[in-house]
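Here is the structure we will look at, set down as structure tokens.
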Amino acid sequence: LKYLALSNNKFSGTISKSIAHLSNLEYLYLEGNDFSGGIPEQTGELKQLKSANLDGNSFVGKLPKTIGNLQNLEFLSIQDNELSGELPFEMSEMSKLETLNIAMNSLEGSLPDLSHFSKLRNLYLYENALKGSIPDSVAGLKSIEVLFLSSNQLTGTIPSNIGALDRTLRGLYLSDNKLDGKISEMLCELEELEALFLDENKFSGELPDCLNSMSSLRQLYVFKNELSGEVPSNLENLKLLSGLGLEGNSFVGEIAQGICSLTTDPLVDLWADCGGSSPAVTCSCCSACCPGAHCT
């Protein structure tokens with residue numbers, strides 16, 4: 001048996017240890033059921049496995065260390081379960097992984113050394129309880145396109161070597177953490193980046209002037225931080241921008257008319273602190289002025 005697909009049914013119970021007998025299995029799809037219990041250590045015996053999807057079940061406990069034996073695995077998704085504990089160090093042996101999705105669980109501990117995942121294109125770890133800083137080894141993700149770490153408890157600053165991902169990274173999602181410090185100018189080296197989500201952190205200082213050089217950027221969200229100064233007028237150079245969230249900071253001054261000119265083609269989502277009786281920001285084109293009815 002090479003292909004086992006039981007997706008989107010009402011199967012329940014645990015995965016039997018006898019799964020180890022499926023030694024030729026290459027594709028395992030169990031998503032959208034109600035399986036429970038832990039992921040058995042014997043799963044590590046499926047050494048021919050290339051793709052596994054266990055999303056949307058009720059798996060609990062830690063990921064087994066034997067998962068590192070799955071060295072042919074290219075796709076692993078266990079989103080929306082109840083897994084806990086730390087990511088096992090042994091995962092560093094899974095060098096063929098292209099997509100790793102363990103979002104919407106209760107993972108703890110810090111991010112592992114990421115330098116071993118040179119083929120990883122998509123990393124989804126959002127909505128967990130990960131702590132610590134984003135490691136400098138993030139620069140080892142030579143193929144990464146989407147790095148989604150939102151809604152954890154990450155601290156510290158954005159790694160200074162983030163610019164090493166300039167040729168591949170298209171989506172950087174760091175929302176709803178505890179990151180602080182200034183927004184690094186090294187982000188401006190990410191010339192292929194289309195989505196930059198830094199909202200709901202503790203970033204301070206001014207927005208880097210060099211953001212205007214990120215010509216592929218379509219979404220820039222920095223709301224609910226501790227940013228200050230004026231909004232750089234040269235953001236008008238971001239001709240593809242369709243979303244700009246600035247509210248919940250300490251910006252002052254006027255949103256430049258050049259930025260407003262983007263609201264017709266194609267900018268449709270522009271939020272700022274231009275509401276209330278004494279607004280800190282003047283904006284003639286914002287789709288929402290905070291505080292106001294549309295702001296939460």
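Naming works like this for the structure tokens: A, B, ... for the chains as they're shown, residue 1 at the start of each chain, ligands 1 onward in shown order.
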
- Task: Do a neighbour search on Asn237 of chain A at 9 Å with only C-alpha atoms, toss out local chain neighbours closer than 5 positions, and write the hits as a ChimeraX atom specification.
- Result: /A:212-215,258-259

Compile the contact shell of Glu41 of chain A as an mmCIF file with all heavy atoms, in the first residue's frame: residues with an atom at most 6 Å away, counting only C-alpha atoms, same-chain residues fewer than 3 positions apart removed.
```
data_model
loop_
_atom_site.group_PDB
_atom_site.id
_atom_site.type_symbol
_atom_site.label_atom_id
_atom_site.label_comp_id
_atom_site.auth_asym_id
_atom_site.auth_seq_id
_atom_site.Cartn_x
_atom_site.Cartn_y
_atom_site.Cartn_z
ATOM 1 N N GLY A 44 7.374 6.732 12.814
ATOM 2 C CA GLY A 44 8.729 6.923 12.314
ATOM 3 C C GLY A 44 9.247 5.778 11.468
ATOM 4 O O GLY A 44 10.314 5.896 10.849
ATOM 5 N N PRO A 64 6.442 12.763 18.331
ATOM 6 C CA PRO A 64 7.460 11.770 18.689
ATOM 7 C C PRO A 64 8.815 12.114 18.072
ATOM 8 O O PRO A 64 8.896 12.626 16.953
ATOM 9 C CB PRO A 64 6.896 10.471 18.101
ATOM 10 C CG PRO A 64 6.026 10.919 16.969
ATOM 11 C CD PRO A 64 5.419 12.222 17.413
ATOM 12 N N THR A 66 10.839 10.140 16.896
ATOM 13 C CA THR A 66 11.052 9.281 15.729
ATOM 14 C C THR A 66 10.601 9.936 14.429
ATOM 15 O O THR A 66 10.891 9.417 13.341
ATOM 16 C CB THR A 66 10.291 7.960 15.898
ATOM 17 O OG1 THR A 66 8.899 8.242 16.162
ATOM 18 C CG2 THR A 66 10.862 7.152 17.063
#
```

- Message: Give me, as a ChimeraX atom specification, all polymer residues having an atom no more than 9 Å from Cys286 of chain A, counting only C-alpha atoms and skipping those fewer than 2 positions away in the same chain.
- Response: /A:255,260,263,268-272,274,283-284,288-289

- Item | Which residue of A:Glu254, A:Glu247, A:Glu189, A:Glu200 approaches Ser150 of chain A most closely, using only C-alpha atoms | A:Glu200

- Kindly give the distance, in Å, that separates atom CA of Gln153 of chain A and atom CA of Ile134 of chain A, rounded to a single decimal. 10.7 Å

- Message: as a PyMOL selection string, please: the residues near Asn122 of chain A (cut-off 7 Å, only C-alpha atoms, same-chain neighbours under 4 positions excluded).
- Response: chain A and resi 98-100+144-147

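Shell of Ser278 of chain A at 12 Å, with only C-alpha atoms counted and residues fewer than 4 places along the chain excluded, is A:Val252, A:Asp273, A:Cys274, A:Thr282, A:Cys289, A:Cys290, A:Pro291.
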
Could the residues in this selection be saved with all heavy atoms as a compact mmCIF listing (two decimals), in the first residue's frame?
```
# COMPACT_ATOMS: atom_id res chain seq x y z
N VAL A 252 2.40 60.96 13.74
CA VAL A 252 1.89 62.33 13.69
C VAL A 252 1.97 62.83 12.26
O VAL A 252 2.60 62.22 11.40
CB VAL A 252 2.70 63.26 14.62
CG1 VAL A 252 2.54 62.86 16.07
CG2 VAL A 252 4.18 63.28 14.22
N ASP A 273 -4.64 56.63 12.67
CA ASP A 273 -5.20 57.29 13.87
C ASP A 273 -5.66 58.69 13.52
O ASP A 273 -5.14 59.69 14.02
CB ASP A 273 -4.15 57.31 14.98
CG ASP A 273 -3.80 55.93 15.48
OD1 ASP A 273 -4.72 55.10 15.64
OD2 ASP A 273 -2.61 55.65 15.71
N CYS A 274 -6.66 58.76 12.66
CA CYS A 274 -7.15 60.06 12.19
C CYS A 274 -8.56 60.36 12.71
O CYS A 274 -9.24 61.26 12.21
CB CYS A 274 -7.12 60.10 10.66
SG CYS A 274 -7.82 58.65 9.84
N THR A 282 -3.56 63.35 10.17
CA THR A 282 -4.54 63.88 9.23
C THR A 282 -4.54 63.00 7.99
O THR A 282 -3.48 62.71 7.43
CB THR A 282 -4.20 65.32 8.83
OG1 THR A 282 -4.13 66.13 10.00
CG2 THR A 282 -5.26 65.88 7.89
N CYS A 289 -10.75 55.64 10.14
CA CYS A 289 -10.03 56.54 11.03
C CYS A 289 -10.29 56.10 12.47
O CYS A 289 -11.45 55.99 12.90
CB CYS A 289 -10.48 57.99 10.84
SG CYS A 289 -9.70 58.81 9.42
N CYS A 290 -9.22 55.81 13.20
CA CYS A 290 -9.33 55.34 14.56
C CYS A 290 -8.98 56.46 15.54
O CYS A 290 -8.11 57.29 15.24
CB CYS A 290 -8.41 54.15 14.78
SG CYS A 290 -8.76 52.77 13.65
N PRO A 291 -9.62 56.51 16.73
CA PRO A 291 -10.73 55.64 17.12
C PRO A 291 -12.00 55.95 16.32
O PRO A 291 -12.23 57.07 15.93
CB PRO A 291 -10.91 55.93 18.60
CG PRO A 291 -10.43 57.34 18.75
CD PRO A 291 -9.30 57.50 17.78
```

- Message: To one decimal place in Å, what is the distance between atom CA of Thr43 of chain A and atom CA of Lys17 of chain A?
- Response: 7.7 Å

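Across segment 165-214 of chain A, DSSP run on the backbone finds helix (DSSP H, G or I) at Leu165, Glu185, Met186, Leu187, Cys188, Glu189, Asp209, Cys210, Leu211, Asn212 and Ser213 of chain A.
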
Could you write those residues out with N, CA and C atoms, as a PDB file, in the first residue's frame?
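Writing the result to result_7.pdb gives the following:
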```
ATOM      1  N   LEU A 165      17.144  36.294   2.932  1.00  0.00           N
ATOM      2  CA  LEU A 165      16.009  35.628   2.286  1.00  0.00           C
ATOM      3  C   LEU A 165      15.450  36.467   1.136  1.00  0.00           C
ATOM      4  N   GLU A 185      16.052  47.865   9.105  1.00  0.00           N
ATOM      5  CA  GLU A 185      16.185  48.255   7.708  1.00  0.00           C
ATOM      6  C   GLU A 185      16.562  47.072   6.826  1.00  0.00           C
ATOM      7  N   MET A 186      17.027  45.994   7.438  1.00  0.00           N
ATOM      8  CA  MET A 186      17.372  44.806   6.667  1.00  0.00           C
ATOM      9  C   MET A 186      16.143  44.213   5.978  1.00  0.00           C
ATOM     10  N   LEU A 187      14.956  44.514   6.500  1.00  0.00           N
ATOM     11  CA  LEU A 187      13.731  44.045   5.843  1.00  0.00           C
ATOM     12  C   LEU A 187      13.631  44.594   4.420  1.00  0.00           C
ATOM     13  N   CYS A 188      14.203  45.766   4.210  1.00  0.00           N
ATOM     14  CA  CYS A 188      14.091  46.409   2.905  1.00  0.00           C
ATOM     15  C   CYS A 188      14.836  45.648   1.819  1.00  0.00           C
ATOM     16  N   GLU A 189      15.688  44.712   2.212  1.00  0.00           N
ATOM     17  CA  GLU A 189      16.404  43.904   1.231  1.00  0.00           C
ATOM     18  C   GLU A 189      15.537  42.779   0.674  1.00  0.00           C
ATOM     19  N   ASP A 209      12.753  54.582   6.166  1.00  0.00           N
ATOM     20  CA  ASP A 209      12.501  55.234   4.882  1.00  0.00           C
ATOM     21  C   ASP A 209      12.663  54.275   3.715  1.00  0.00           C
ATOM     22  N   CYS A 210      13.497  53.251   3.907  1.00  0.00           N
ATOM     23  CA  CYS A 210      13.804  52.353   2.792  1.00  0.00           C
ATOM     24  C   CYS A 210      12.663  51.423   2.424  1.00  0.00           C
ATOM     25  N   LEU A 211      11.580  51.432   3.197  1.00  0.00           N
ATOM     26  CA  LEU A 211      10.452  50.562   2.860  1.00  0.00           C
ATOM     27  C   LEU A 211       9.937  50.841   1.447  1.00  0.00           C
ATOM     28  N   ASN A 212      10.165  52.050   0.983  1.00  0.00           N
ATOM     29  CA  ASN A 212       9.660  52.424  -0.339  1.00  0.00           C
ATOM     30  C   ASN A 212      10.337  51.649  -1.467  1.00  0.00           C
ATOM     31  N   SER A 213      11.459  50.983  -1.147  1.00  0.00           N
ATOM     32  CA  SER A 213      12.172  50.220  -2.176  1.00  0.00           C
ATOM     33  C   SER A 213      11.611  48.812  -2.356  1.00  0.00           C
TER      34      SER A 213
END
```

- Message: If we count only C-alpha atoms and set the cut-off at 8 Å, which residues sit around Asn101 of chain A, ignoring sequence neighbours fewer than 6 positions away in its own chain? Please answer as a PyMOL selection string.
- Response: chain A and resi 76-79+122-125

Next, write the just-selected residues to a file, as a PDB file, in the first residue's frame, keeping N, CA, C and O atoms as the atom set.
```pdb
ATOM      1  N   LEU A  76       4.316  17.948   5.375  1.00  0.00           N
ATOM      2  CA  LEU A  76       3.758  17.507   6.658  1.00  0.00           C
ATOM      3  C   LEU A  76       2.859  18.600   7.209  1.00  0.00           C
ATOM      4  O   LEU A  76       3.301  19.726   7.442  1.00  0.00           O
ATOM      5  N   SER A  77       1.588  18.265   7.408  1.00  0.00           N
ATOM      6  CA  SER A  77       0.639  19.222   7.955  1.00  0.00           C
ATOM      7  C   SER A  77      -0.162  18.568   9.076  1.00  0.00           C
ATOM      8  O   SER A  77      -0.812  17.535   8.871  1.00  0.00           O
ATOM      9  N   ILE A  78      -0.083  19.174  10.271  1.00  0.00           N
ATOM     10  CA  ILE A  78      -0.811  18.679  11.446  1.00  0.00           C
ATOM     11  C   ILE A  78      -1.539  19.866  12.087  1.00  0.00           C
ATOM     12  O   ILE A  78      -1.665  19.985  13.298  1.00  0.00           O
ATOM     13  N   GLN A  79      -2.032  20.758  11.270  1.00  0.00           N
ATOM     14  CA  GLN A  79      -2.707  21.967  11.746  1.00  0.00           C
ATOM     15  C   GLN A  79      -3.996  21.641  12.476  1.00  0.00           C
ATOM     16  O   GLN A  79      -4.671  20.658  12.178  1.00  0.00           O
ATOM     17  N   ASN A 122       7.491  26.580   2.815  1.00  0.00           N
ATOM     18  CA  ASN A 122       6.373  27.098   3.606  1.00  0.00           C
ATOM     19  C   ASN A 122       6.487  26.602   5.041  1.00  0.00           C
ATOM     20  O   ASN A 122       6.502  25.392   5.275  1.00  0.00           O
ATOM     21  N   LEU A 123       6.555  27.545   5.990  1.00  0.00           N
ATOM     22  CA  LEU A 123       6.620  27.195   7.407  1.00  0.00           C
ATOM     23  C   LEU A 123       5.492  27.907   8.140  1.00  0.00           C
ATOM     24  O   LEU A 123       5.464  29.132   8.241  1.00  0.00           O
ATOM     25  N   TYR A 124       4.529  27.112   8.635  1.00  0.00           N
ATOM     26  CA  TYR A 124       3.359  27.639   9.329  1.00  0.00           C
ATOM     27  C   TYR A 124       3.373  27.145  10.777  1.00  0.00           C
ATOM     28  O   TYR A 124       3.138  25.964  11.040  1.00  0.00           O
ATOM     29  N   LEU A 125       3.643  28.061  11.702  1.00  0.00           N
ATOM     30  CA  LEU A 125       3.644  27.725  13.127  1.00  0.00           C
ATOM     31  C   LEU A 125       2.772  28.708  13.918  1.00  0.00           C
ATOM     32  O   LEU A 125       2.935  28.842  15.130  1.00  0.00           O
TER      33      LEU A 125
END
```

- Item | Selected residue, from A:Tyr29, A:Phe117, A:Phe223, A:Phe148, that lies nearest to Gln71 of chain A when counting only C-alpha atoms | A:Phe117
